[in-house]
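Asker: After the structure tokens below, expect a handful of questions from me.
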Amino acid sequence: MLWFRILTPVRLNLRHRLRVESVHKDGATTGTRTVTGDSVQTRWGPVQVRITVEDGKLTDVTAVVHPTENPRDQQIDSYAVPRLRAEALQVQSADIDTVSGATCTSEGYRRSLQSALDASGG
């Protein structure tokens, strides 16, 4: 038997979409969930990621906050953040390697990613 659980409130305003997640009798869930991880303070500034999980699979990771205060931060994160994202999507976990030259960003990314995965149940 399949049950449905409403994840967001139903409103008459058409700008809001009704998100439905199916819940199987064994408790497993399917559907799409978007979760923002904890903001992790690093030496060079905070790092925070948002993930999307579809049917139990990590389908997107976005760095919503990362160090960008100076040109060097921007240079480092321009190559580190895409590499961290690609590896997270490939391995489907927060067990990702540190990007050389971006140790602090990598650690913050990994910790924020793990908190988002924990919160998503994924």
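As shown in the structure tokens, the chain order sets the letters A, B, ...; within each chain, residues go from 1, and ligands are also counted from 1 in the order they appear.
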From a backbone DSSP assignment, name each residue in segment 21-121 of chain A labelled strand (DSSP E or B), as JSON, numbers by chain.
Answerer: {"A": [21, 22, 23, 24, 29, 32, 33, 34, 35, 36, 40, 41, 42, 45, 46, 47, 48, 49, 50, 51, 52, 53, 54, 57, 58, 59, 60, 61, 62, 63, 64, 65]}
Asker: For the selection you just gave me, I'd like the residues written to a file as a short mmCIF file (atom, residue, chain, number, x, y, z; two decimals), in the first residue's frame, keeping N, CA, C and O atoms.
Answerer:
data_model
loop_
_atom_site.label_atom_id
_atom_site.label_comp_id
_atom_site.auth_asym_id
_atom_site.auth_seq_id
_atom_site.Cartn_x
_atom_site.Cartn_y
_atom_site.Cartn_z
N GLU A 21 5.49 13.60 -1.26
CA GLU A 21 6.48 12.55 -1.13
C GLU A 21 5.73 11.27 -0.82
O GLU A 21 4.90 11.24 0.09
N SER A 22 5.98 10.24 -1.56
CA SER A 22 5.29 8.99 -1.28
C SER A 22 6.05 8.23 -0.19
O SER A 22 7.27 8.26 -0.13
N VAL A 23 5.30 7.59 0.66
CA VAL A 23 5.89 6.81 1.74
C VAL A 23 5.38 5.39 1.60
O VAL A 23 4.18 5.14 1.66
N HIS A 24 6.30 4.46 1.41
CA HIS A 24 5.93 3.07 1.27
C HIS A 24 5.66 2.47 2.64
O HIS A 24 6.09 2.98 3.67
N THR A 29 11.08 6.36 1.63
CA THR A 29 10.47 7.50 0.97
C THR A 29 11.01 7.65 -0.44
O THR A 29 12.13 7.26 -0.75
N THR A 32 11.33 14.09 -4.24
CA THR A 32 12.43 15.05 -4.29
C THR A 32 12.44 15.88 -3.01
O THR A 32 11.42 16.37 -2.58
N ARG A 33 13.64 15.98 -2.44
CA ARG A 33 13.83 16.80 -1.24
C ARG A 33 15.01 17.72 -1.48
O ARG A 33 16.04 17.31 -2.01
N THR A 34 14.88 18.98 -1.05
CA THR A 34 15.98 19.94 -1.10
C THR A 34 16.27 20.35 0.33
O THR A 34 15.36 20.74 1.06
N VAL A 35 17.54 20.24 0.72
CA VAL A 35 17.95 20.52 2.09
C VAL A 35 19.20 21.38 2.07
O VAL A 35 20.13 21.13 1.31
N THR A 36 19.22 22.40 2.94
CA THR A 36 20.40 23.23 3.10
C THR A 36 21.16 22.76 4.32
O THR A 36 20.59 22.60 5.40
N VAL A 40 29.20 26.25 7.93
CA VAL A 40 30.42 25.85 8.61
C VAL A 40 31.43 26.98 8.52
O VAL A 40 31.81 27.39 7.42
N GLN A 41 31.85 27.49 9.66
CA GLN A 41 32.83 28.57 9.69
C GLN A 41 34.23 28.00 9.46
O GLN A 41 34.65 27.10 10.17
N THR A 42 34.92 28.51 8.45
CA THR A 42 36.30 28.11 8.19
C THR A 42 37.22 29.31 8.44
O THR A 42 36.74 30.42 8.69
N GLY A 45 36.21 32.00 6.00
CA GLY A 45 34.80 32.39 5.91
C GLY A 45 33.89 31.18 5.91
O GLY A 45 34.35 30.04 5.83
N PRO A 46 32.59 31.43 5.97
CA PRO A 46 31.64 30.32 6.04
C PRO A 46 31.47 29.60 4.71
O PRO A 46 31.67 30.18 3.64
N VAL A 47 31.13 28.31 4.84
CA VAL A 47 30.81 27.48 3.68
C VAL A 47 29.49 26.78 4.00
O VAL A 47 29.30 26.26 5.09
N GLN A 48 28.57 26.80 3.03
CA GLN A 48 27.28 26.15 3.21
C GLN A 48 26.81 25.62 1.86
O GLN A 48 26.92 26.30 0.84
N VAL A 49 26.27 24.40 1.87
CA VAL A 49 25.78 23.80 0.63
C VAL A 49 24.30 23.45 0.75
O VAL A 49 23.78 23.27 1.84
N ARG A 50 23.65 23.37 -0.40
CA ARG A 50 22.26 22.93 -0.51
C ARG A 50 22.25 21.73 -1.44
O ARG A 50 22.91 21.75 -2.49
N ILE A 51 21.52 20.69 -1.04
CA ILE A 51 21.47 19.48 -1.86
C ILE A 51 20.05 19.21 -2.32
O ILE A 51 19.09 19.65 -1.71
N THR A 52 19.97 18.44 -3.40
CA THR A 52 18.69 17.90 -3.86
C THR A 52 18.85 16.40 -3.93
O THR A 52 19.83 15.89 -4.49
N VAL A 53 17.90 15.71 -3.32
CA VAL A 53 17.89 14.25 -3.32
C VAL A 53 16.60 13.81 -4.00
O VAL A 53 15.51 14.25 -3.62
N GLU A 54 16.73 12.99 -5.04
CA GLU A 54 15.56 12.47 -5.75
C GLU A 54 15.55 10.96 -5.63
O GLU A 54 16.51 10.29 -6.04
N LYS A 57 18.64 9.42 -4.31
CA LYS A 57 19.90 9.67 -5.01
C LYS A 57 20.23 11.16 -4.97
O LYS A 57 19.38 12.01 -5.23
N LEU A 58 21.48 11.48 -4.64
CA LEU A 58 21.96 12.86 -4.63
C LEU A 58 22.06 13.33 -6.08
O LEU A 58 22.83 12.78 -6.87
N THR A 59 21.25 14.33 -6.45
CA THR A 59 21.21 14.79 -7.84
C THR A 59 21.78 16.18 -8.04
O THR A 59 22.06 16.57 -9.17
N ASP A 60 21.91 16.96 -6.96
CA ASP A 60 22.48 18.29 -7.11
C ASP A 60 23.10 18.73 -5.79
O ASP A 60 22.59 18.41 -4.72
N VAL A 61 24.20 19.45 -5.89
CA VAL A 61 24.85 20.08 -4.75
C VAL A 61 25.23 21.48 -5.19
O VAL A 61 25.89 21.65 -6.21
N THR A 62 24.82 22.47 -4.42
CA THR A 62 25.11 23.86 -4.74
C THR A 62 25.76 24.52 -3.53
O THR A 62 25.22 24.44 -2.43
N ALA A 63 26.89 25.16 -3.74
CA ALA A 63 27.52 25.93 -2.68
C ALA A 63 26.79 27.27 -2.61
O ALA A 63 26.95 28.11 -3.50
N VAL A 64 25.96 27.46 -1.60
CA VAL A 64 25.20 28.70 -1.48
C VAL A 64 25.99 29.79 -0.78
O VAL A 64 25.72 30.98 -0.97
N VAL A 65 26.98 29.40 0.02
CA VAL A 65 27.88 30.34 0.69
C VAL A 65 29.28 29.76 0.64
O VAL A 65 29.47 28.58 0.94
#
Asker: List the spatial neighbours of Thr68 of chain A as a count of residues only - criterion: any atom at most 10 Å away, only C-alpha atoms, same-chain residues fewer than 2 positions off excluded.
Answerer: 14
